[in-house]
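Enquirer: Sharing data_8.tsv here; it has TSV, N, CA and C atoms.
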```
chain	number	residue	atom	x	y	z
L	7	MET	N	0.84	-1.19	0.00
L	7	MET	CA	0.00	0.00	0.00
L	7	MET	C	0.88	1.25	0.00
L	8	SER	N	0.63	2.14	-0.91
L	8	SER	CA	1.40	3.38	-0.98
L	8	SER	C	0.89	4.38	0.04
L	9	THR	N	1.81	5.11	0.66
L	9	THR	CA	1.41	6.19	1.54
L	9	THR	C	1.49	7.49	0.78
L	10	PHE	N	0.94	8.54	1.38
L	10	PHE	CA	0.98	9.84	0.73
L	10	PHE	C	2.43	10.32	0.57
L	11	LEU	N	3.29	9.97	1.52
L	11	LEU	CA	4.71	10.34	1.41
L	11	LEU	C	5.31	9.71	0.16
L	12	GLN	N	5.07	8.44	-0.02
L	12	GLN	CA	5.62	7.74	-1.18
L	12	GLN	C	5.05	8.31	-2.48
L	13	LEU	N	3.76	8.57	-2.51
L	13	LEU	CA	3.13	9.12	-3.71
L	13	LEU	C	3.70	10.50	-4.05
L	14	ASP	N	3.91	11.33	-3.02
L	14	ASP	CA	4.45	12.66	-3.28
L	14	ASP	C	5.92	12.58	-3.70
L	15	ARG	N	6.66	11.65	-3.14
L	15	ARG	CA	8.06	11.46	-3.55
L	15	ARG	C	8.11	11.11	-5.03
L	16	LYS	N	7.22	10.22	-5.45
L	16	LYS	CA	7.18	9.83	-6.86
L	16	LYS	C	6.74	10.99	-7.74
L	17	ARG	N	5.82	11.84	-7.24
L	17	ARG	CA	5.40	13.03	-8.00
L	17	ARG	C	6.59	13.94	-8.26
L	18	LEU	N	7.49	14.01	-7.28
L	18	LEU	CA	8.68	14.86	-7.40
L	18	LEU	C	9.80	14.20	-8.20
L	19	GLY	N	9.64	12.91	-8.51
L	19	GLY	CA	10.66	12.20	-9.27
L	19	GLY	C	11.91	11.90	-8.46
L	20	LEU	N	11.74	11.73	-7.16
L	20	LEU	CA	12.87	11.44	-6.28
L	20	LEU	C	12.88	9.98	-5.88
L	21	SER	N	14.06	9.45	-5.69
L	21	SER	CA	14.18	8.09	-5.15
L	21	SER	C	14.17	8.20	-3.63
L	22	ALA	N	13.86	7.09	-2.97
L	22	ALA	CA	13.90	7.07	-1.51
L	22	ALA	C	15.30	7.39	-1.02
L	23	HIS	N	16.30	6.88	-1.72
L	23	HIS	CA	17.70	7.14	-1.35
L	23	HIS	C	18.02	8.63	-1.39
L	24	GLN	N	17.54	9.33	-2.40
L	24	GLN	CA	17.77	10.77	-2.51
L	24	GLN	C	17.15	11.52	-1.34
L	25	VAL	N	15.94	11.14	-0.98
L	25	VAL	CA	15.25	11.80	0.13
L	25	VAL	C	15.99	11.54	1.43
L	26	VAL	N	16.40	10.30	1.66
L	26	VAL	CA	17.15	9.94	2.87
L	26	VAL	C	18.39	10.82	2.99
L	27	ASP	N	19.13	10.97	1.91
L	27	ASP	CA	20.35	11.78	1.93
L	27	ASP	C	20.05	13.25	2.20
L	28	LYS	N	19.01	13.77	1.57
L	28	LYS	CA	18.73	15.21	1.67
L	28	LYS	C	18.12	15.62	3.00
L	29	VAL	N	17.37	14.72	3.65
L	29	VAL	CA	16.79	15.09	4.95
L	29	VAL	C	17.64	14.61	6.12
L	30	GLY	N	18.68	13.82	5.83
L	30	GLY	CA	19.59	13.40	6.88
L	30	GLY	C	18.98	12.42	7.87
L	31	THR	N	18.41	11.37	7.34
L	31	THR	CA	17.83	10.34	8.20
L	31	THR	C	18.35	8.98	7.76
L	32	SER	N	18.03	7.97	8.53
L	32	SER	CA	18.45	6.62	8.14
L	32	SER	C	17.44	6.02	7.17
L	33	ARG	N	17.88	5.04	6.42
L	33	ARG	CA	16.98	4.35	5.49
L	33	ARG	C	15.85	3.66	6.26
L	34	ALA	N	16.19	3.11	7.43
L	34	ALA	CA	15.17	2.43	8.25
L	34	ALA	C	14.09	3.40	8.70
L	35	SER	N	14.51	4.60	9.15
L	35	SER	CA	13.52	5.60	9.57
L	35	SER	C	12.63	6.01	8.41
L	36	TYR	N	13.25	6.25	7.25
L	36	TYR	CA	12.46	6.67	6.08
L	36	TYR	C	11.48	5.57	5.66
L	37	THR	N	11.93	4.33	5.73
L	37	THR	CA	11.05	3.21	5.38
L	37	THR	C	9.84	3.18	6.31
L	38	ARG	N	10.08	3.46	7.60
L	38	ARG	CA	8.95	3.51	8.56
L	38	ARG	C	8.00	4.64	8.20
L	39	TRP	N	8.55	5.79	7.79
L	39	TRP	CA	7.68	6.91	7.41
L	39	TRP	C	6.82	6.54	6.22
L	40	GLU	N	7.43	5.89	5.23
L	40	GLU	CA	6.65	5.51	4.04
L	40	GLU	C	5.64	4.42	4.36
L	41	ALA	N	5.85	3.71	5.45
L	41	ALA	CA	4.89	2.68	5.88
L	41	ALA	C	3.79	3.28	6.75
L	42	GLY	N	3.84	4.61	6.97
L	42	GLY	CA	2.80	5.28	7.73
L	42	GLY	C	3.21	5.72	9.12
L	43	GLY	N	4.49	5.56	9.47
L	43	GLY	CA	4.97	6.00	10.78
L	43	GLY	C	5.03	7.51	10.89
L	44	ALA	N	5.05	8.00	12.13
L	44	ALA	CA	5.10	9.44	12.37
L	44	ALA	C	6.44	10.02	11.89
L	45	ILE	N	6.35	11.20	11.29
L	45	ILE	CA	7.53	11.90	10.79
L	45	ILE	C	7.83	13.05	11.75
L	46	PRO	N	9.04	13.13	12.28
L	46	PRO	CA	9.38	14.23	13.19
L	46	PRO	C	9.19	15.59	12.52
L	47	SER	N	8.80	16.58	13.32
L	47	SER	CA	8.50	17.91	12.76
L	47	SER	C	9.69	18.54	12.05
L	48	ASP	N	10.91	18.34	12.57
L	48	ASP	CA	12.06	18.93	11.90
L	48	ASP	C	12.27	18.31	10.52
L	49	LYS	N	11.92	17.03	10.37
L	49	LYS	CA	12.07	16.37	9.07
L	49	LYS	C	10.95	16.80	8.12
L	50	LEU	N	9.76	17.10	8.66
L	50	LEU	CA	8.68	17.62	7.82
L	50	LEU	C	9.10	18.93	7.17
L	51	ALA	N	9.78	19.78	7.95
L	51	ALA	CA	10.25	21.05	7.40
L	51	ALA	C	11.25	20.82	6.27
L	52	LEU	N	12.14	19.85	6.44
L	52	LEU	CA	13.12	19.54	5.38
L	52	LEU	C	12.43	18.96	4.15
L	53	LEU	N	11.42	18.13	4.36
L	53	LEU	CA	10.67	17.60	3.22
L	53	LEU	C	10.00	18.73	2.45
L	54	ALA	N	9.46	19.70	3.17
L	54	ALA	CA	8.82	20.84	2.52
L	54	ALA	C	9.82	21.60	1.65
L	55	LYS	N	11.05	21.75	2.14
L	55	LYS	CA	12.08	22.45	1.37
L	55	LYS	C	12.44	21.69	0.09
L	56	LEU	N	12.24	20.37	0.10
L	56	LEU	CA	12.50	19.56	-1.09
L	56	LEU	C	11.36	19.63	-2.10
L	57	GLY	N	10.25	20.26	-1.71
L	57	GLY	CA	9.11	20.38	-2.61
L	57	GLY	C	7.94	19.49	-2.26
L	58	PHE	N	8.05	18.72	-1.17
L	58	PHE	CA	6.94	17.87	-0.75
L	58	PHE	C	5.79	18.75	-0.30
L	59	ASP	N	4.58	18.33	-0.60
L	59	ASP	CA	3.38	18.97	-0.10
L	59	ASP	C	3.12	18.31	1.26
L	60	VAL	N	3.64	18.93	2.33
L	60	VAL	CA	3.60	18.31	3.65
L	60	VAL	C	2.16	18.13	4.13
L	61	GLN	N	1.30	19.05	3.77
L	61	GLN	CA	-0.11	18.87	4.13
L	61	GLN	C	-0.63	17.57	3.53
L	62	TYR	N	-0.31	17.31	2.27
L	62	TYR	CA	-0.74	16.09	1.61
L	62	TYR	C	-0.10	14.86	2.25
L	63	VAL	N	1.18	14.95	2.57
L	63	VAL	CA	1.89	13.82	3.18
L	63	VAL	C	1.20	13.39	4.46
L	64	ILE	N	0.73	14.35	5.27
L	64	ILE	CA	0.13	14.03	6.56
L	64	ILE	C	-1.36	13.73	6.46
L	65	THR	N	-2.09	14.51	5.65
L	65	THR	CA	-3.55	14.39	5.66
L	65	THR	C	-4.15	13.75	4.41
L	66	GLY	N	-3.39	13.71	3.32
L	66	GLY	CA	-3.95	13.21	2.08
L	66	GLY	C	-4.72	14.26	1.31
L	67	VAL	N	-4.68	15.51	1.79
L	67	VAL	CA	-5.37	16.62	1.13
L	67	VAL	C	-4.31	17.58	0.59
L	68	ARG	N	-4.35	17.83	-0.70
L	68	ARG	CA	-3.37	18.71	-1.32
L	68	ARG	C	-3.55	20.15	-0.83
L	69	SER	N	-2.44	20.86	-0.65
L	69	SER	CA	-2.52	22.27	-0.30
L	69	SER	C	-2.84	23.06	-1.57
L	70	ASN	N	-3.21	24.31	-1.40
L	70	ASN	CA	-3.64	25.13	-2.55
L	70	ASN	C	-2.61	25.22	-3.65
L	71	ASN	N	-1.36	25.44	-3.30
L	71	ASN	CA	-0.36	25.64	-4.35
L	71	ASN	C	-0.18	24.40	-5.21
L	72	VAL	N	-0.39	23.21	-4.67
L	72	VAL	CA	-0.28	21.99	-5.46
L	72	VAL	C	-1.58	21.71	-6.20
L	73	SER	N	-2.71	22.01	-5.56
L	73	SER	CA	-4.00	21.72	-6.20
L	73	SER	C	-4.23	22.59	-7.44
L	74	GLU	N	-3.59	23.75	-7.51
L	74	GLU	CA	-3.76	24.62	-8.66
L	74	GLU	C	-3.22	23.99	-9.94
L	75	ILE	N	-2.25	23.09	-9.82
L	75	ILE	CA	-1.70	22.46	-11.01
L	75	ILE	C	-2.33	21.10	-11.29
L	76	SER	N	-3.29	20.71	-10.47
L	76	SER	CA	-3.95	19.42	-10.62
L	76	SER	C	-5.37	19.62	-11.14
L	77	ASN	N	-5.83	18.71	-11.96
L	77	ASN	CA	-7.19	18.79	-12.47
L	77	ASN	C	-8.20	18.11	-11.54
L	78	LYS	N	-7.71	17.43	-10.53
L	78	LYS	CA	-8.61	16.73	-9.61
L	78	LYS	C	-9.26	17.74	-8.67
L	79	PRO	N	-10.56	17.53	-8.36
L	79	PRO	CA	-11.20	18.43	-7.40
L	79	PRO	C	-10.57	18.25	-6.01
L	80	GLN	N	-10.38	19.35	-5.32
L	80	GLN	CA	-9.74	19.32	-4.01
L	80	GLN	C	-10.70	19.83	-2.94
L	81	ARG	N	-10.41	19.44	-1.70
L	81	ARG	CA	-11.16	19.96	-0.57
L	81	ARG	C	-10.83	21.43	-0.36
L	82	LYS	N	-11.66	22.09	0.43
L	82	LYS	CA	-11.43	23.48	0.80
L	82	LYS	C	-10.04	23.64	1.40
L	83	HIS	N	-9.40	24.78	1.15
L	83	HIS	CA	-8.04	25.04	1.63
L	83	HIS	C	-7.96	24.94	3.15
L	84	PHE	N	-6.91	24.32	3.60
L	84	PHE	CA	-6.63	24.15	5.03
L	84	PHE	C	-5.30	24.85	5.28
L	85	ASP	N	-5.28	25.79	6.20
L	85	ASP	CA	-4.05	26.55	6.49
L	85	ASP	C	-3.07	25.66	7.24
L	86	PHE	N	-2.44	24.76	6.48
L	86	PHE	CA	-1.54	23.77	7.09
L	86	PHE	C	-0.37	24.43	7.79
L	87	GLU	N	0.33	25.31	7.08
L	87	GLU	CA	1.54	25.90	7.65
L	87	GLU	C	1.23	26.68	8.93
L	88	GLY	N	0.15	27.44	8.93
L	88	GLY	CA	-0.22	28.21	10.12
L	88	GLY	C	-0.55	27.32	11.29
L	89	LYS	N	-1.34	26.27	11.02
L	89	LYS	CA	-1.72	25.36	12.09
L	89	LYS	C	-0.51	24.55	12.59
L	90	LEU	N	0.35	24.12	11.67
L	90	LEU	CA	1.53	23.37	12.07
L	90	LEU	C	2.43	24.21	12.97
L	91	THR	N	2.65	25.45	12.58
L	91	THR	CA	3.49	26.34	13.38
L	91	THR	C	2.88	26.53	14.77
L	92	LYS	N	1.57	26.76	14.81
L	92	LYS	CA	0.89	26.97	16.09
L	92	LYS	C	0.97	25.72	16.96
L	93	ILE	N	0.76	24.56	16.37
L	93	ILE	CA	0.82	23.30	17.11
L	93	ILE	C	2.21	23.07	17.69
L	94	ILE	N	3.23	23.31	16.90
L	94	ILE	CA	4.61	23.11	17.39
L	94	ILE	C	4.90	24.07	18.55
L	95	CYS	N	4.47	25.32	18.43
L	95	CYS	CA	4.69	26.29	19.52
L	95	CYS	C	3.94	25.88	20.78
L	96	ILE	N	2.69	25.47	20.64
L	96	ILE	CA	1.90	25.04	21.80
L	96	ILE	C	2.52	23.82	22.44
L	97	LEU	N	2.95	22.86	21.63
L	97	LEU	CA	3.57	21.65	22.17
L	97	LEU	C	4.85	21.98	22.93
L	98	GLU	N	5.72	22.78	22.32
L	98	GLU	CA	6.97	23.14	22.98
L	98	GLU	C	6.71	23.92	24.27
L	99	ASP	N	5.74	24.85	24.25
L	99	ASP	CA	5.40	25.61	25.46
L	99	ASP	C	4.89	24.69	26.56
L	100	ALA	N	4.03	23.73	26.20
L	100	ALA	CA	3.48	22.80	27.20
L	100	ALA	C	4.58	21.93	27.80
L	101	LEU	N	5.48	21.46	26.97
L	101	LEU	CA	6.58	20.63	27.46
L	101	LEU	C	7.51	21.44	28.36
L	102	ASN	N	7.83	22.67	27.95
L	102	ASN	CA	8.70	23.53	28.76
L	102	ASN	C	8.03	23.91	30.08
L	103	GLU	N	6.74	24.21	30.03
L	103	GLU	CA	6.01	24.61	31.23
L	103	GLU	C	6.03	23.52	32.30
L	104	HIS	N	5.97	22.27	31.87
L	104	HIS	CA	5.96	21.13	32.80
L	104	HIS	C	7.33	20.48	32.92
L	105	ASP	N	8.36	21.11	32.32
L	105	ASP	CA	9.73	20.60	32.35
L	105	ASP	C	9.78	19.14	31.90
L	106	LEU	N	9.16	18.87	30.74
L	106	LEU	CA	9.10	17.52	30.19
L	106	LEU	C	9.84	17.44	28.87
L	107	GLU	N	10.29	16.24	28.56
L	107	GLU	CA	10.88	15.97	27.25
L	107	GLU	C	10.07	14.87	26.59
L	108	LEU	N	10.02	14.92	25.28
L	108	LEU	CA	9.26	13.94	24.52
L	108	LEU	C	10.12	13.49	23.35
L	109	PRO	N	10.25	12.17	23.14
L	109	PRO	CA	11.04	11.69	21.99
L	109	PRO	C	10.44	12.21	20.67
L	110	SER	N	11.29	12.31	19.66
L	110	SER	CA	10.87	12.83	18.36
L	110	SER	C	9.66	12.09	17.81
L	111	LYS	N	9.66	10.76	17.93
L	111	LYS	CA	8.54	9.98	17.39
L	111	LYS	C	7.24	10.36	18.08
L	112	ALA	N	7.28	10.51	19.40
L	112	ALA	CA	6.07	10.87	20.14
L	112	ALA	C	5.63	12.29	19.77
L	113	LYS	N	6.59	13.21	19.59
L	113	LYS	CA	6.24	14.57	19.17
L	113	LYS	C	5.54	14.54	17.82
L	114	GLY	N	6.07	13.74	16.91
L	114	GLY	CA	5.45	13.61	15.60
L	114	GLY	C	4.03	13.07	15.68
L	115	GLN	N	3.81	12.12	16.59
L	115	GLN	CA	2.47	11.55	16.76
L	115	GLN	C	1.50	12.59	17.31
L	116	VAL	N	1.96	13.38	18.28
L	116	VAL	CA	1.11	14.44	18.85
L	116	VAL	C	0.78	15.47	17.78
L	117	ILE	N	1.79	15.88	17.03
L	117	ILE	CA	1.58	16.88	15.97
L	117	ILE	C	0.63	16.35	14.91
L	118	GLU	N	0.82	15.11	14.51
L	118	GLU	CA	-0.05	14.51	13.50
L	118	GLU	C	-1.49	14.42	14.01
L	119	GLY	N	-1.66	14.01	15.25
L	119	GLY	CA	-3.00	13.92	15.83
L	119	GLY	C	-3.69	15.26	15.90
L	120	LEU	N	-2.96	16.28	16.32
L	120	LEU	CA	-3.55	17.61	16.41
L	120	LEU	C	-3.87	18.19	15.04
L	121	LEU	N	-3.03	17.91	14.04
L	121	LEU	CA	-3.33	18.37	12.68
L	121	LEU	C	-4.60	17.70	12.16
L	122	MET	N	-4.72	16.41	12.41
L	122	MET	CA	-5.93	15.69	11.96
L	122	MET	C	-7.16	16.25	12.67
L	123	GLN	N	-7.03	16.50	13.98
L	123	GLN	CA	-8.15	17.07	14.73
L	123	GLN	C	-8.53	18.44	14.17
L	124	ALA	N	-7.54	19.26	13.88
L	124	ALA	CA	-7.80	20.59	13.33
L	124	ALA	C	-8.47	20.49	11.96
L	125	LEU	N	-8.05	19.52	11.16
L	125	LEU	CA	-8.64	19.33	9.84
L	125	LEU	C	-10.08	18.84	9.93
L	126	VAL	N	-10.29	17.80	10.72
L	126	VAL	CA	-11.61	17.19	10.81
L	126	VAL	C	-12.62	18.13	11.49
L	127	ARG	N	-12.20	18.75	12.57
L	127	ARG	CA	-13.12	19.60	13.34
L	127	ARG	C	-13.07	21.06	12.90
L	128	ASN	N	-12.14	21.40	12.02
L	128	ASN	CA	-11.97	22.77	11.55
L	128	ASN	C	-11.87	23.75	12.72
L	129	GLU	N	-10.97	23.43	13.66
L	129	GLU	CA	-10.80	24.29	14.82
L	129	GLU	C	-9.33	24.64	15.01
L	130	GLN	N	-9.10	25.70	15.75
L	130	GLN	CA	-7.74	26.13	16.04
L	130	GLN	C	-7.14	25.25	17.13
L	131	PRO	N	-5.87	24.88	16.99
L	131	PRO	CA	-5.21	24.13	18.05
L	131	PRO	C	-5.03	25.01	19.29
L	132	THR	N	-5.26	24.42	20.47
L	132	THR	CA	-5.11	25.14	21.73
L	132	THR	C	-4.34	24.28	22.71
L	133	LYS	N	-3.89	24.92	23.79
L	133	LYS	CA	-3.18	24.20	24.84
L	133	LYS	C	-4.10	23.13	25.45
L	134	GLU	N	-5.38	23.44	25.55
L	134	GLU	CA	-6.33	22.50	26.15
L	134	GLU	C	-6.48	21.23	25.32
L	135	ASN	N	-6.51	21.35	23.99
L	135	ASN	CA	-6.70	20.13	23.20
L	135	ASN	C	-5.40	19.39	22.90
L	136	ILE	N	-4.28	19.91	23.39
L	136	ILE	CA	-3.02	19.17	23.24
L	136	ILE	C	-2.84	18.17	24.38
L	137	MET	N	-3.40	18.46	25.55
L	137	MET	CA	-3.17	17.63	26.73
L	137	MET	C	-3.63	16.18	26.56
L	138	PRO	N	-4.80	15.91	25.97
L	138	PRO	CA	-5.18	14.51	25.77
L	138	PRO	C	-4.17	13.74	24.91
L	139	PHE	N	-3.57	14.41	23.93
L	139	PHE	CA	-2.58	13.75	23.08
L	139	PHE	C	-1.31	13.44	23.87
L	140	LEU	N	-0.94	14.33	24.77
L	140	LEU	CA	0.25	14.08	25.60
L	140	LEU	C	0.01	12.88	26.52
L	141	LYS	N	-1.22	12.72	27.00
L	141	LYS	CA	-1.54	11.57	27.85
L	141	LYS	C	-1.44	10.27	27.04
L	142	VAL	N	-1.85	10.32	25.79
L	142	VAL	CA	-1.81	9.11	24.94
L	142	VAL	C	-0.38	8.64	24.74
L	143	VAL	N	0.58	9.58	24.63
L	143	VAL	CA	1.97	9.19	24.41
L	143	VAL	C	2.73	8.98	25.72
L	144	GLY	N	2.00	8.99	26.82
L	144	GLY	CA	2.62	8.60	28.09
L	144	GLY	C	3.06	9.72	29.01
L	145	LEU	N	2.59	10.93	28.80
L	145	LEU	CA	2.94	12.03	29.73
L	145	LEU	C	1.78	12.38	30.61
```
Using the file provided, produce a representation of the structure as structure tokens.

Expert:
Amino acid sequence: MSTFLQLDRKRLGLSAHQVVDKVGTSRASYTRWEAGGAIPSDKLALLAKLGFDVQYVITGVRSNNVSEISNKPQRKHFDFEGKLTKIICILEDALNEHDLELPSKAKGQVIEGLLMQALVRNEQPTKENIMPFLKVVGL
């Protein structure tokens, strides 16, 4: 089964090896990402710099700039970058406030969950709706 990461990589004409080299990760980690594993937020930013539609990679919904070149009908625009930035800030503030650390994989899972929640419920991420996700990952 192809994931959105793999489909977008192929859209860009990149090999998995090229992506691994450019984002500075191991082949094993990248293989997990293509199998649907959580992608750390710092690696999402690097994927975006390579031309990946990170909103699509995470949600399966193309962002506006990519949908403009596609003939397929797309869902209403979702402010992915704004919500991602806000989620990362809220997560880091919550962790700092409670003097906690979270492994990259768990951070990626929290970020992915909050992005999906924001997409499905069309709501702004808040400190209050981050706490249930932190409990799920063991904090």

Enquirer: Counting only C-alpha atoms, which of L:Cys95, L:Ala124, L:Leu106, L:Val26 gets nearest to Leu140 (chain L)?

Expert: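 Selected residue with least distance to Leu140 (chain L): L:Leu106.
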
Enquirer: Interatomic distance between atom N of Pro46 (chain L) and CA of Gln24 (chain L)?

Expert: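 Atom N of Pro46 (chain L) sits 17.3 Å away from CA of Gln24 (chain L).
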
Enquirer: Using all atoms listed in the file, which residue out of L:Val142, L:Val25, L:Ile64, L:Leu11 lies closest to Ala41 (chain L)?

Expert: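 For Ala41 (chain L), the nearest of the candidates is L:Leu11.
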
Enquirer: My list of candidates is L:Leu18, L:Ala51, L:Gly57, L:Gln12. Which is closest to Trp39 (chain L) when distances are computed with only N, CA and C atoms?

Expert: L:Gln12

Enquirer: Find the residues near Val63 (chain L): any atom within 8 Å, counting all atoms listed in the file, skip ones fewer than 5 places away on the same chain, and give them as a VMD selection string.

Expert: chain L and resid 9 to 14 58 68 to 69
